[in-house]
$ cat coords.pdb   # PDB, C-alpha atoms and all ligand atoms
ATOM      1  CA  MET A 213     -77.638  70.173 132.349  1.00  0.00           C
ATOM      2  CA  SER A 214     -75.826  69.609 135.633  1.00  0.00           C
ATOM      3  CA  TRP A 215     -77.256  66.797 137.798  1.00  0.00           C
ATOM      4  CA  THR A 216     -75.637  68.118 140.961  1.00  0.00           C
ATOM      5  CA  VAL A 217     -78.694  70.045 142.162  1.00  0.00           C
ATOM      6  CA  PHE A 218     -81.014  67.109 141.407  1.00  0.00           C
ATOM      7  CA  ARG A 219     -78.785  64.692 143.365  1.00  0.00           C
ATOM      8  CA  GLU A 220     -78.634  67.058 146.354  1.00  0.00           C
ATOM      9  CA  PHE A 221     -82.412  67.587 146.118  1.00  0.00           C
ATOM     10  CA  LEU A 222     -82.978  63.827 146.426  1.00  0.00           C
ATOM     11  CA  LYS A 223     -80.808  63.745 149.553  1.00  0.00           C
ATOM     12  CA  ASP A 224     -82.408  66.770 151.255  1.00  0.00           C
ATOM     13  CA  PRO A 225     -85.446  68.214 149.413  1.00  0.00           C
ATOM     14  CA  THR A 226     -86.439  70.723 152.098  1.00  0.00           C
ATOM     15  CA  LYS A 227     -83.040  72.400 152.080  1.00  0.00           C
ATOM     16  CA  ILE A 228     -82.436  72.431 148.318  1.00  0.00           C
ATOM     17  CA  GLY A 229     -86.001  73.135 147.186  1.00  0.00           C
ATOM     18  CA  ALA A 230     -85.271  72.789 143.447  1.00  0.00           C
ATOM     19  CA  ILE A 231     -84.762  69.901 141.069  1.00  0.00           C
ATOM     20  CA  ALA A 232     -82.471  71.840 138.753  1.00  0.00           C
ATOM     21  CA  ALA A 233     -80.186  74.840 138.820  1.00  0.00           C
ATOM     22  CA  SER A 234     -81.735  78.112 137.678  1.00  0.00           C
ATOM     23  CA  SER A 235     -81.446  79.122 134.036  1.00  0.00           C
ATOM     24  CA  ALA A 236     -79.168  81.848 132.685  1.00  0.00           C
ATOM     25  CA  GLY A 237     -82.341  83.843 131.931  1.00  0.00           C
ATOM     26  CA  LEU A 238     -83.417  83.767 135.579  1.00  0.00           C
ATOM     27  CA  ALA A 239     -79.855  84.735 136.584  1.00  0.00           C
ATOM     28  CA  ARG A 240     -80.018  87.787 134.292  1.00  0.00           C
ATOM     29  CA  THR A 241     -83.430  88.744 135.681  1.00  0.00           C
ATOM     30  CA  ILE A 242     -82.472  88.418 139.353  1.00  0.00           C
ATOM     31  CA  CYS A 243     -79.341  90.493 138.781  1.00  0.00           C
ATOM     32  CA  SER A 244     -81.149  93.243 136.823  1.00  0.00           C
ATOM     33  CA  ASP A 245     -82.417  96.546 138.228  1.00  0.00           C
ATOM     34  CA  ILE A 246     -80.957  96.092 141.693  1.00  0.00           C
ATOM     35  CA  GLY A 247     -77.976  98.437 141.303  1.00  0.00           C
ATOM     36  CA  LEU A 248     -75.309  95.714 141.178  1.00  0.00           C
ATOM     37  CA  VAL A 249     -73.015  97.793 138.991  1.00  0.00           C
ATOM     38  CA  GLY A 250     -72.720 100.562 141.573  1.00  0.00           C
ATOM     39  CA  ALA A 251     -72.808  98.330 144.670  1.00  0.00           C
ATOM     40  CA  GLY A 252     -69.862  98.367 147.063  1.00  0.00           C
ATOM     41  CA  CYS A 253     -70.962  95.347 149.080  1.00  0.00           C
ATOM     42  CA  ILE A 254     -72.842  92.356 147.631  1.00  0.00           C
ATOM     43  CA  VAL A 255     -74.003  89.191 149.399  1.00  0.00           C
ATOM     44  CA  GLU A 256     -75.373  86.044 147.745  1.00  0.00           C
ATOM     45  CA  TYR A 257     -77.409  83.438 149.621  1.00  0.00           C
ATOM     46  CA  GLY A 258     -77.625  79.815 148.450  1.00  0.00           C
ATOM     47  CA  PRO A 259     -75.415  80.025 145.335  1.00  0.00           C
ATOM     48  CA  GLY A 260     -75.671  76.279 144.652  1.00  0.00           C
ATOM     49  CA  THR A 261     -73.701  75.598 141.479  1.00  0.00           C
ATOM     50  CA  GLY A 262     -73.120  79.327 140.938  1.00  0.00           C
ATOM     51  CA  VAL A 263     -75.539  80.326 138.160  1.00  0.00           C
ATOM     52  CA  PHE A 264     -76.323  83.667 139.837  1.00  0.00           C
ATOM     53  CA  THR A 265     -72.709  84.043 140.997  1.00  0.00           C
ATOM     54  CA  ARG A 266     -71.464  84.136 137.396  1.00  0.00           C
ATOM     55  CA  GLU A 267     -73.941  86.880 136.544  1.00  0.00           C
ATOM     56  CA  ILE A 268     -72.998  88.875 139.658  1.00  0.00           C
ATOM     57  CA  LEU A 269     -69.301  88.630 138.723  1.00  0.00           C
ATOM     58  CA  HIS A 270     -70.128  89.764 135.206  1.00  0.00           C
ATOM     59  CA  ARG A 271     -71.946  92.877 136.490  1.00  0.00           C
ATOM     60  CA  LYS A 272     -70.217  93.956 139.687  1.00  0.00           C
ATOM     61  CA  ARG A 273     -67.545  96.615 139.615  1.00  0.00           C
ATOM     62  CA  PRO A 274     -63.935  95.639 140.346  1.00  0.00           C
ATOM     63  CA  GLY A 275     -63.198  96.222 144.012  1.00  0.00           C
ATOM     64  CA  ALA A 276     -66.748  95.641 145.258  1.00  0.00           C
ATOM     65  CA  ARG A 277     -66.852  93.364 148.302  1.00  0.00           C
ATOM     66  CA  PHE A 278     -68.674  90.109 147.541  1.00  0.00           C
ATOM     67  CA  CYS A 279     -69.331  87.022 149.624  1.00  0.00           C
ATOM     68  CA  ALA A 280     -71.651  84.018 149.354  1.00  0.00           C
ATOM     69  CA  ILE A 281     -73.287  81.824 152.008  1.00  0.00           C
ATOM     70  CA  GLU A 282     -74.063  78.194 151.135  1.00  0.00           C
ATOM     71  CA  HIS A 283     -75.382  75.666 153.635  1.00  0.00           C
ATOM     72  CA  ASN A 284     -74.922  72.432 151.676  1.00  0.00           C
ATOM     73  CA  PRO A 285     -71.397  70.984 152.115  1.00  0.00           C
ATOM     74  CA  HIS A 286     -71.267  69.289 148.706  1.00  0.00           C
ATOM     75  CA  LEU A 287     -72.417  72.417 146.858  1.00  0.00           C
ATOM     76  CA  ALA A 288     -70.082  74.560 148.958  1.00  0.00           C
ATOM     77  CA  GLY A 289     -67.146  72.322 147.976  1.00  0.00           C
ATOM     78  CA  GLN A 290     -68.039  72.593 144.315  1.00  0.00           C
ATOM     79  CA  PHE A 291     -68.449  76.361 144.624  1.00  0.00           C
ATOM     80  CA  ARG A 292     -64.944  76.694 146.078  1.00  0.00           C
ATOM     81  CA  GLU A 293     -63.520  74.759 143.131  1.00  0.00           C
ATOM     82  CA  SER A 294     -65.363  76.929 140.596  1.00  0.00           C
ATOM     83  CA  PHE A 295     -64.818  80.270 142.365  1.00  0.00           C
ATOM     84  CA  PRO A 296     -61.638  79.960 144.445  1.00  0.00           C
ATOM     85  CA  ASP A 297     -61.287  83.765 144.809  1.00  0.00           C
ATOM     86  CA  ILE A 298     -64.731  84.406 146.296  1.00  0.00           C
ATOM     87  CA  THR A 299     -65.286  84.411 150.036  1.00  0.00           C
ATOM     88  CA  LEU A 300     -67.694  81.559 150.756  1.00  0.00           C
ATOM     89  CA  PHE A 301     -69.184  80.833 154.159  1.00  0.00           C
ATOM     90  CA  GLU A 302     -70.335  77.242 154.506  1.00  0.00           C
ATOM     91  CA  ASP A 303     -73.117  78.118 156.890  1.00  0.00           C
ATOM     92  CA  SER A 304     -76.746  79.183 157.113  1.00  0.00           C
ATOM     93  CA  ALA A 305     -77.776  82.597 155.832  1.00  0.00           C
ATOM     94  CA  GLU A 306     -79.495  83.037 159.225  1.00  0.00           C
ATOM     95  CA  ARG A 307     -75.991  83.788 160.500  1.00  0.00           C
ATOM     96  CA  ALA A 308     -75.303  86.450 157.861  1.00  0.00           C
ATOM     97  CA  PRO A 309     -74.822  89.310 160.390  1.00  0.00           C
ATOM     98  CA  ALA A 310     -72.087  87.441 162.306  1.00  0.00           C
ATOM     99  CA  LEU A 311     -70.489  86.107 159.111  1.00  0.00           C
ATOM    100  CA  LEU A 312     -70.235  89.519 157.467  1.00  0.00           C
ATOM    101  CA  ALA A 313     -68.853  91.007 160.670  1.00  0.00           C
ATOM    102  CA  SER A 314     -66.209  88.258 160.831  1.00  0.00           C
ATOM    103  CA  ALA A 315     -65.090  89.210 157.308  1.00  0.00           C
ATOM    104  CA  GLY A 316     -64.988  92.920 158.179  1.00  0.00           C
ATOM    105  CA  MET A 317     -67.724  93.661 155.672  1.00  0.00           C
ATOM    106  CA  GLY A 318     -70.041  96.621 156.179  1.00  0.00           C
ATOM    107  CA  LYS A 319     -73.735  96.782 155.330  1.00  0.00           C
ATOM    108  CA  ALA A 320     -74.800  95.235 152.035  1.00  0.00           C
ATOM    109  CA  ASP A 321     -76.013  97.296 149.083  1.00  0.00           C
ATOM    110  CA  CYS A 322     -77.436  94.208 147.345  1.00  0.00           C
ATOM    111  CA  VAL A 323     -78.469  90.763 148.533  1.00  0.00           C
ATOM    112  CA  VAL A 324     -79.051  88.239 145.733  1.00  0.00           C
ATOM    113  CA  CYS A 325     -80.916  85.302 147.154  1.00  0.00           C
ATOM    114  CA  GLY A 326     -81.299  81.761 145.803  1.00  0.00           C
ATOM    115  CA  LEU A 327     -82.923  80.319 148.933  1.00  0.00           C
ATOM    116  CA  PRO A 328     -85.895  77.927 148.513  1.00  0.00           C
ATOM    117  CA  TRP A 329     -88.420  79.956 150.551  1.00  0.00           C
ATOM    118  CA  ALA A 330     -91.330  77.656 149.699  1.00  0.00           C
ATOM    119  CA  ALA A 331     -89.532  74.757 151.402  1.00  0.00           C
ATOM    120  CA  PHE A 332     -89.079  76.697 154.675  1.00  0.00           C
ATOM    121  CA  ASP A 333     -91.505  77.005 157.575  1.00  0.00           C
ATOM    122  CA  GLU A 334     -92.665  80.458 158.658  1.00  0.00           C
ATOM    123  CA  ASP A 335     -90.262  80.663 161.617  1.00  0.00           C
ATOM    124  CA  LEU A 336     -87.237  80.021 159.424  1.00  0.00           C
ATOM    125  CA  GLN A 337     -88.498  82.508 156.832  1.00  0.00           C
ATOM    126  CA  ASP A 338     -88.845  85.135 159.585  1.00  0.00           C
ATOM    127  CA  ARG A 339     -85.390  84.466 161.012  1.00  0.00           C
ATOM    128  CA  LEU A 340     -83.817  84.650 157.549  1.00  0.00           C
ATOM    129  CA  LEU A 341     -85.619  87.898 156.708  1.00  0.00           C
ATOM    130  CA  ASP A 342     -84.663  89.437 160.090  1.00  0.00           C
ATOM    131  CA  ALA A 343     -81.020  88.534 159.466  1.00  0.00           C
ATOM    132  CA  THR A 344     -81.213  89.893 155.924  1.00  0.00           C
ATOM    133  CA  LEU A 345     -82.708  93.245 156.900  1.00  0.00           C
ATOM    134  CA  SER A 346     -80.086  93.656 159.584  1.00  0.00           C
ATOM    135  CA  ILE A 347     -77.195  93.334 157.091  1.00  0.00           C
ATOM    136  CA  MET A 348     -78.746  95.758 154.565  1.00  0.00           C
ATOM    137  CA  ARG A 349     -78.226  99.518 154.565  1.00  0.00           C
ATOM    138  CA  ARG A 350     -81.277 101.768 154.057  1.00  0.00           C
ATOM    139  CA  GLY A 351     -82.214 101.786 150.394  1.00  0.00           C
ATOM    140  CA  ALA A 352     -80.392  98.503 149.725  1.00  0.00           C
ATOM    141  CA  GLN A 353     -81.904  95.964 147.358  1.00  0.00           C
ATOM    142  CA  PHE A 354     -82.909  92.365 148.034  1.00  0.00           C
ATOM    143  CA  ALA A 355     -83.710  90.114 145.051  1.00  0.00           C
ATOM    144  CA  THR A 356     -85.128  86.639 145.427  1.00  0.00           C
ATOM    145  CA  PHE A 357     -87.037  84.285 143.154  1.00  0.00           C
ATOM    146  CA  ALA A 358     -90.130  82.118 143.444  1.00  0.00           C
ATOM    147  CA  TYR A 359     -91.658  79.537 141.166  1.00  0.00           C
ATOM    148  CA  LEU A 360     -94.731  80.606 139.245  1.00  0.00           C
ATOM    149  CA  GLN A 361     -97.059  78.095 140.909  1.00  0.00           C
ATOM    150  CA  GLY A 362     -96.363  79.820 144.261  1.00  0.00           C
ATOM    151  CA  LEU A 363     -98.461  82.782 143.123  1.00  0.00           C
ATOM    152  CA  PHE A 364    -101.528  80.529 143.252  1.00  0.00           C
ATOM    153  CA  LEU A 365    -100.745  78.721 146.514  1.00  0.00           C
ATOM    154  CA  PRO A 366    -101.518  80.113 149.988  1.00  0.00           C
ATOM    155  CA  ALA A 367     -97.935  79.643 151.228  1.00  0.00           C
ATOM    156  CA  GLY A 368     -96.544  81.538 148.255  1.00  0.00           C
ATOM    157  CA  GLN A 369     -99.081  84.332 148.709  1.00  0.00           C
ATOM    158  CA  ARG A 370     -98.215  84.525 152.434  1.00  0.00           C
ATOM    159  CA  PHE A 371     -94.526  84.871 151.541  1.00  0.00           C
ATOM    160  CA  GLY A 372     -95.281  87.698 149.083  1.00  0.00           C
ATOM    161  CA  ALA A 373     -97.302  89.475 151.797  1.00  0.00           C
ATOM    162  CA  LYS A 374     -94.474  88.975 154.298  1.00  0.00           C
ATOM    163  CA  LEU A 375     -92.041  90.716 151.921  1.00  0.00           C
ATOM    164  CA  LYS A 376     -94.477  93.634 151.523  1.00  0.00           C
ATOM    165  CA  ARG A 377     -94.715  94.079 155.306  1.00  0.00           C
ATOM    166  CA  ARG A 378     -90.953  94.192 155.726  1.00  0.00           C
ATOM    167  CA  PHE A 379     -89.689  96.151 152.738  1.00  0.00           C
ATOM    168  CA  ARG A 380     -90.480  99.693 151.593  1.00  0.00           C
ATOM    169  CA  LYS A 381     -90.964  98.618 147.982  1.00  0.00           C
ATOM    170  CA  VAL A 382     -91.618  95.188 146.482  1.00  0.00           C
ATOM    171  CA  ALA A 383     -91.861  94.655 142.716  1.00  0.00           C
ATOM    172  CA  LYS A 384     -92.330  91.467 140.717  1.00  0.00           C
ATOM    173  CA  SER A 385     -90.450  90.805 137.466  1.00  0.00           C
ATOM    174  CA  PRO A 386     -92.114  89.326 134.399  1.00  0.00           C
ATOM    175  CA  VAL A 387     -92.199  85.516 134.456  1.00  0.00           C
ATOM    176  CA  VAL A 388     -89.044  83.808 133.199  1.00  0.00           C
ATOM    177  CA  TRP A 389     -90.602  80.988 131.181  1.00  0.00           C
ATOM    178  CA  ARG A 390     -87.273  79.442 130.235  1.00  0.00           C
ATOM    179  CA  ASN A 391     -86.645  78.068 133.681  1.00  0.00           C
ATOM    180  CA  LEU A 392     -87.521  74.719 135.239  1.00  0.00           C
ATOM    181  CA  PRO A 393     -90.135  75.437 136.519  1.00  0.00           C
ATOM    182  CA  PRO A 394     -90.968  78.965 135.271  1.00  0.00           C
ATOM    183  CA  ALA A 395     -90.157  81.570 137.909  1.00  0.00           C
ATOM    184  CA  PHE A 396     -90.239  85.278 138.677  1.00  0.00           C
ATOM    185  CA  VAL A 397     -88.172  87.611 140.833  1.00  0.00           C
ATOM    186  CA  TYR A 398     -89.182  89.757 143.796  1.00  0.00           C
ATOM    187  CA  ARG A 399     -87.111  92.964 143.952  1.00  0.00           C
ATOM    188  CA  CYS A 400     -87.379  94.538 147.384  1.00  0.00           C
ATOM    189  CA  GLU A 401     -85.997  97.808 148.751  1.00  0.00           C
ATOM    190  CA  LYS A 402     -85.248  98.329 152.426  1.00  0.00           C
ATOM    191  CA  GLY A 403     -86.826 101.474 153.930  1.00  0.00           C
TER
HETATM  192  C1  LIG B 501     -83.111  76.426 144.917  1.00  0.00           C
HETATM  193  S1  LIG B 501     -81.372  76.097 145.200  1.00  0.00           S
HETATM  194  C2  LIG B 501     -80.756  77.507 144.264  1.00  0.00           C
HETATM  195  C3  LIG B 501     -79.318  77.348 143.840  1.00  0.00           C
HETATM  196  C4  LIG B 501     -78.854  78.428 142.848  1.00  0.00           C
HETATM  197  N1  LIG B 501     -78.903  79.758 143.444  1.00  0.00           N
HETATM  198  C5  LIG B 501     -79.712  78.407 141.610  1.00  0.00           C
HETATM  199  O1  LIG B 501     -80.590  79.287 141.504  1.00  0.00           O
HETATM  200  O2  LIG B 501     -79.507  77.524 140.785  1.00  0.00           O
HETATM  201  C6  LIG B 501     -81.288  76.640 146.887  1.00  0.00           C
HETATM  202  C7  LIG B 501     -79.879  76.776 147.459  1.00  0.00           C
HETATM  203  O3  LIG B 501     -79.969  77.360 148.766  1.00  0.00           O
HETATM  204  C8  LIG B 501     -79.108  76.612 149.645  1.00  0.00           C
HETATM  205  N2  LIG B 501     -79.613  76.817 151.025  1.00  0.00           N
HETATM  206  C9  LIG B 501     -80.742  76.287 151.578  1.00  0.00           C
HETATM  207  N3  LIG B 501     -80.906  76.727 152.828  1.00  0.00           N
HETATM  208  C10 LIG B 501     -79.871  77.587 153.065  1.00  0.00           C
HETATM  209  C11 LIG B 501     -79.499  78.404 154.178  1.00  0.00           C
HETATM  210  N4  LIG B 501     -80.244  78.414 155.311  1.00  0.00           N
HETATM  211  N5  LIG B 501     -78.394  79.155 154.073  1.00  0.00           N
HETATM  212  C12 LIG B 501     -77.647  79.159 152.934  1.00  0.00           C
HETATM  213  N6  LIG B 501     -77.939  78.407 151.862  1.00  0.00           N
HETATM  214  C13 LIG B 501     -79.039  77.630 151.911  1.00  0.00           C
HETATM  215  C14 LIG B 501     -79.216  75.203 149.131  1.00  0.00           C
HETATM  216  O4  LIG B 501     -78.177  74.380 149.604  1.00  0.00           O
HETATM  217  C15 LIG B 501     -79.157  75.446 147.624  1.00  0.00           C
HETATM  218  O5  LIG B 501     -77.839  75.590 147.165  1.00  0.00           O
END

$ encode --input "coords.pdb" --output "structure tokens"
Amino acid sequence: MSWTVFREFLKDPTKIGAIAASSAGLARTICSDIGLVGAGCIVEYGPGTGVFTREILHRKRPGARFCAIEHNPHLAGQFRESFPDITLFEDSAERAPALLASAGMGKADCVVCGLPWAAFDEDLQDRLLDATLSIMRRGAQFATFAYLQGLFLPAGQRFGAKLKRRFRKVAKSPVVWRNLPPAFVYRCEKG
């Protein structure tokens, strides 16, 4: 297991929001059933050590545009070493519209999101979701994960309701038990 995420969590828990990188099983689940194979433009938020990135690269078609946005400087540096050919913005996903425009990228078909929503206040959640909807074309897919315990906590339930208000369709995956802690994926379609 890599200790990088744990070390960064200790330095800044509210921005990392996880004690360990996601499992390969969660990466497969978040990248499933969101049309990655046919997507022409893919954006990843909060790649961390790149667990989801590897799965995206495995599934995306050659020639698809792909960029990632990572806020943490240490994780961004490590990402660049592991994935030197991928466009990485060391910035906040709140700035996704300006960042994509600066790279000449059009609207996204898929947004794969590793952000720690439970660690964010409501205002930041709203700003991030506004930015996300504005970079997505109609019918595009947004996939994000949450830890299982969130289903039983008011903040987690509020976040689920927020997704339902903003997206045309919201579906939950089965729980990925082989993850620390167990997690599930929200798959959301923009109307
Ligand atoms: C829970 S970790 C997930 C990392 C990786 N996707 C995984 O699943 O193992 C959350 C990641 O989101 C990044 N992050 C937090 N706030 C962010 C923001 N506003 N914009 C971009 N990345 C952010 C953190 O630095 C961290 O890499």

$ closest_atom_pairs --input "coords.pdb" --of "chain A" --to "ligand LIG 501 (chain B)" --cutoff "6 Å" --atoms "all atoms listed in the file" --output "tab-separated table"
residue	atom	partner	partner_atom	distance
A:Lys227	CA	B:LIG501	C9	4.5
A:Ile228	CA	B:LIG501	C14	4.3
A:Gly229	CA	B:LIG501	C1	4.9
A:Ala230	CA	B:LIG501	C1	4.5
A:Ala233	CA	B:LIG501	O2	3.4
A:Ser234	CA	B:LIG501	O2	3.9
A:Tyr257	CA	B:LIG501	C12	5.4
A:Gly258	CA	B:LIG501	O3	3.4
A:Pro259	CA	B:LIG501	N1	4.0
A:Gly260	CA	B:LIG501	O5	3.4
A:Val263	CA	B:LIG501	O2	5.5
A:Phe264	CA	B:LIG501	N1	5.9
A:Ile281	CA	B:LIG501	C12	5.2
A:Glu282	CA	B:LIG501	N6	3.9
A:His283	CA	B:LIG501	N6	4.1
A:Asn284	CA	B:LIG501	O4	4.3
A:Ser304	CA	B:LIG501	N5	3.5
A:Ala305	CA	B:LIG501	N5	3.9
A:Gly326	CA	B:LIG501	N1	3.9
A:Leu327	CA	B:LIG501	O3	4.2
A:Pro328	CA	B:LIG501	C1	4.8

$ axis_aligned_box --input "coords.pdb" --around "segment 213-222 of chain A" --padding-each-side "4 Å" --output "JSON"
{"center_x": -79.3, "center_y": 67.0, "center_z": 139.4, "size_x": 15.3, "size_y": 14.3, "size_z": 22.1}

$ atom_distance --input "coords.pdb" --atom1 "atom CA of Val388 of chain A" --atom2 "atom CA of Gly262 of chain A"
18.3 Å

$ closest_residue --input "coords.pdb" --among "A:Leu365, A:Ala315, A:Ala288, A:Met348" --to "Thr216 of chain A" --atoms "all atoms listed in the file"
A:Ala288

$ closest_residue --input "coords.pdb" --among "A:Ala251, A:Lys402, A:Arg292, A:Phe364" --to "Gly275 of chain A" --atoms "all atoms listed in the file"
A:Ala251

$ atom_distance --input "coords.pdb" --atom1 "atom CA of Gln361 of chain A" --atom2 "atom CA of Leu238 of chain A"
15.7 Å

$ resolve_selection --input "coords.pdb" --expression "the PyMOL selection byres (((chain A and resi 333) around 12) and not hetatm)" --output "VMD selection string"
chain A and resid 226 to 227 328 to 332 334 to 340 367 to 368 370 to 371

$ residues_near_point --input "coords.pdb" --point "(-74.6, 95.7, 153.4)" --cutoff "6 Å" --atoms "all atoms listed in the file" --output "list in words"
Cys253, Gly318, Lys319, Ala320, Asp321, Ile347, Met348 and Arg349 of chain A

$ resolve_selection --input "coords.pdb" --expression "the PyMOL selection byres (((chain A and resi 389-392) around 10) and not hetatm)" --output "list in words"
Ala230, Ile231, Ala232, Ala233, Ser234, Ser235, Ala236, Gly237, Leu238, Ala239, Tyr359, Leu360, Pro386, Val387, Val388, Pro393, Pro394, Ala395 and Phe396 of chain A

$ closest_residue --input "coords.pdb" --among "A:Cys279, A:Phe221, A:Gly403, A:Asp245" --to "Ala313 of chain A" --atoms "all atoms listed in the file"
A:Cys279

$ resolve_selection --input "coords.pdb" --expression "the PyMOL selection byres (((chain A and resi 272) around 12) and not hetatm)" --output "PyMOL selection string"
chain A and resi 243-244+246-255+264-271+273-278+321-322

$ closest_residue --input "coords.pdb" --among "A:Ile242, A:Thr261, A:Glu256, A:Ala308" --to "Glu220 of chain A" --atoms "all atoms listed in the file"
A:Thr261

$ atom_distance --input "coords.pdb" --atom1 "atom CA of Asp303 of chain A" --atom2 "atom CA of Gln353 of chain A"
22.1 Å

$ build_atoms --input "coords.pdb" --residues "segment 232-256 of chain A" --atoms "N, CA and C atoms" --output "PDB file, in the frame of the given file"
ATOM      1  N   ALA A 232     -83.508  71.467 139.727  1.00  0.00           N
ATOM      2  CA  ALA A 232     -82.471  71.840 138.753  1.00  0.00           C
ATOM      3  C   ALA A 232     -81.950  73.228 139.086  1.00  0.00           C
ATOM      4  N   ALA A 233     -80.733  73.490 138.649  1.00  0.00           N
ATOM      5  CA  ALA A 233     -80.186  74.840 138.820  1.00  0.00           C
ATOM      6  C   ALA A 233     -81.024  75.823 138.002  1.00  0.00           C
ATOM      7  N   SER A 234     -81.002  77.084 138.418  1.00  0.00           N
ATOM      8  CA  SER A 234     -81.735  78.112 137.678  1.00  0.00           C
ATOM      9  C   SER A 234     -81.115  78.311 136.300  1.00  0.00           C
ATOM     10  N   SER A 235     -81.919  78.880 135.401  1.00  0.00           N
ATOM     11  CA  SER A 235     -81.446  79.122 134.036  1.00  0.00           C
ATOM     12  C   SER A 235     -80.639  80.428 133.985  1.00  0.00           C
ATOM     13  N   ALA A 236     -79.912  80.592 132.889  1.00  0.00           N
ATOM     14  CA  ALA A 236     -79.168  81.848 132.685  1.00  0.00           C
ATOM     15  C   ALA A 236     -80.144  83.026 132.591  1.00  0.00           C
ATOM     16  N   GLY A 237     -81.344  82.769 132.043  1.00  0.00           N
ATOM     17  CA  GLY A 237     -82.341  83.843 131.931  1.00  0.00           C
ATOM     18  C   GLY A 237     -82.799  84.315 133.300  1.00  0.00           C
ATOM     19  N   LEU A 238     -83.015  83.364 134.224  1.00  0.00           N
ATOM     20  CA  LEU A 238     -83.417  83.767 135.579  1.00  0.00           C
ATOM     21  C   LEU A 238     -82.253  84.499 136.263  1.00  0.00           C
ATOM     22  N   ALA A 239     -81.022  84.056 136.004  1.00  0.00           N
ATOM     23  CA  ALA A 239     -79.855  84.735 136.584  1.00  0.00           C
ATOM     24  C   ALA A 239     -79.795  86.190 136.098  1.00  0.00           C
ATOM     25  N   ARG A 240     -80.046  86.404 134.810  1.00  0.00           N
ATOM     26  CA  ARG A 240     -80.018  87.787 134.292  1.00  0.00           C
ATOM     27  C   ARG A 240     -81.132  88.604 134.939  1.00  0.00           C
ATOM     28  N   THR A 241     -82.299  87.997 135.108  1.00  0.00           N
ATOM     29  CA  THR A 241     -83.430  88.744 135.681  1.00  0.00           C
ATOM     30  C   THR A 241     -83.176  89.094 137.148  1.00  0.00           C
ATOM     31  N   ILE A 242     -82.654  88.140 137.918  1.00  0.00           N
ATOM     32  CA  ILE A 242     -82.472  88.418 139.353  1.00  0.00           C
ATOM     33  C   ILE A 242     -81.367  89.450 139.579  1.00  0.00           C
ATOM     34  N   CYS A 243     -80.448  89.537 138.630  1.00  0.00           N
ATOM     35  CA  CYS A 243     -79.341  90.493 138.781  1.00  0.00           C
ATOM     36  C   CYS A 243     -79.623  91.832 138.109  1.00  0.00           C
ATOM     37  N   SER A 244     -80.807  91.985 137.512  1.00  0.00           N
ATOM     38  CA  SER A 244     -81.149  93.243 136.823  1.00  0.00           C
ATOM     39  C   SER A 244     -81.863  94.198 137.767  1.00  0.00           C
ATOM     40  N   ASP A 245     -81.649  95.482 137.545  1.00  0.00           N
ATOM     41  CA  ASP A 245     -82.417  96.546 138.228  1.00  0.00           C
ATOM     42  C   ASP A 245     -82.296  96.512 139.741  1.00  0.00           C
ATOM     43  N   ILE A 246     -81.171  96.043 140.237  1.00  0.00           N
ATOM     44  CA  ILE A 246     -80.957  96.092 141.693  1.00  0.00           C
ATOM     45  C   ILE A 246     -79.664  96.859 142.018  1.00  0.00           C
ATOM     46  N   GLY A 247     -79.141  97.575 141.042  1.00  0.00           N
ATOM     47  CA  GLY A 247     -77.976  98.437 141.303  1.00  0.00           C
ATOM     48  C   GLY A 247     -76.677  97.689 141.533  1.00  0.00           C
ATOM     49  N   LEU A 248     -76.541  96.494 140.944  1.00  0.00           N
ATOM     50  CA  LEU A 248     -75.309  95.714 141.178  1.00  0.00           C
ATOM     51  C   LEU A 248     -74.058  96.444 140.699  1.00  0.00           C
ATOM     52  N   VAL A 249     -74.198  97.160 139.594  1.00  0.00           N
ATOM     53  CA  VAL A 249     -73.015  97.793 138.991  1.00  0.00           C
ATOM     54  C   VAL A 249     -72.394  98.821 139.945  1.00  0.00           C
ATOM     55  N   GLY A 250     -73.246  99.541 140.671  1.00  0.00           N
ATOM     56  CA  GLY A 250     -72.720 100.562 141.573  1.00  0.00           C
ATOM     57  C   GLY A 250     -72.513 100.076 142.993  1.00  0.00           C
ATOM     58  N   ALA A 251     -72.833  98.821 143.278  1.00  0.00           N
ATOM     59  CA  ALA A 251     -72.808  98.330 144.670  1.00  0.00           C
ATOM     60  C   ALA A 251     -71.371  98.175 145.180  1.00  0.00           C
ATOM     61  N   GLY A 252     -71.182  98.547 146.444  1.00  0.00           N
ATOM     62  CA  GLY A 252     -69.862  98.367 147.063  1.00  0.00           C
ATOM     63  C   GLY A 252     -69.795  97.087 147.860  1.00  0.00           C
ATOM     64  N   CYS A 253     -70.942  96.551 148.241  1.00  0.00           N
ATOM     65  CA  CYS A 253     -70.962  95.347 149.080  1.00  0.00           C
ATOM     66  C   CYS A 253     -72.141  94.466 148.652  1.00  0.00           C
ATOM     67  N   ILE A 254     -71.823  93.265 148.194  1.00  0.00           N
ATOM     68  CA  ILE A 254     -72.842  92.356 147.631  1.00  0.00           C
ATOM     69  C   ILE A 254     -72.775  91.021 148.391  1.00  0.00           C
ATOM     70  N   VAL A 255     -73.942  90.486 148.711  1.00  0.00           N
ATOM     71  CA  VAL A 255     -74.003  89.191 149.399  1.00  0.00           C
ATOM     72  C   VAL A 255     -74.923  88.278 148.592  1.00  0.00           C
ATOM     73  N   GLU A 256     -74.504  87.030 148.407  1.00  0.00           N
ATOM     74  CA  GLU A 256     -75.373  86.044 147.745  1.00  0.00           C
ATOM     75  C   GLU A 256     -75.695  84.925 148.730  1.00  0.00           C
TER      76      GLU A 256
END
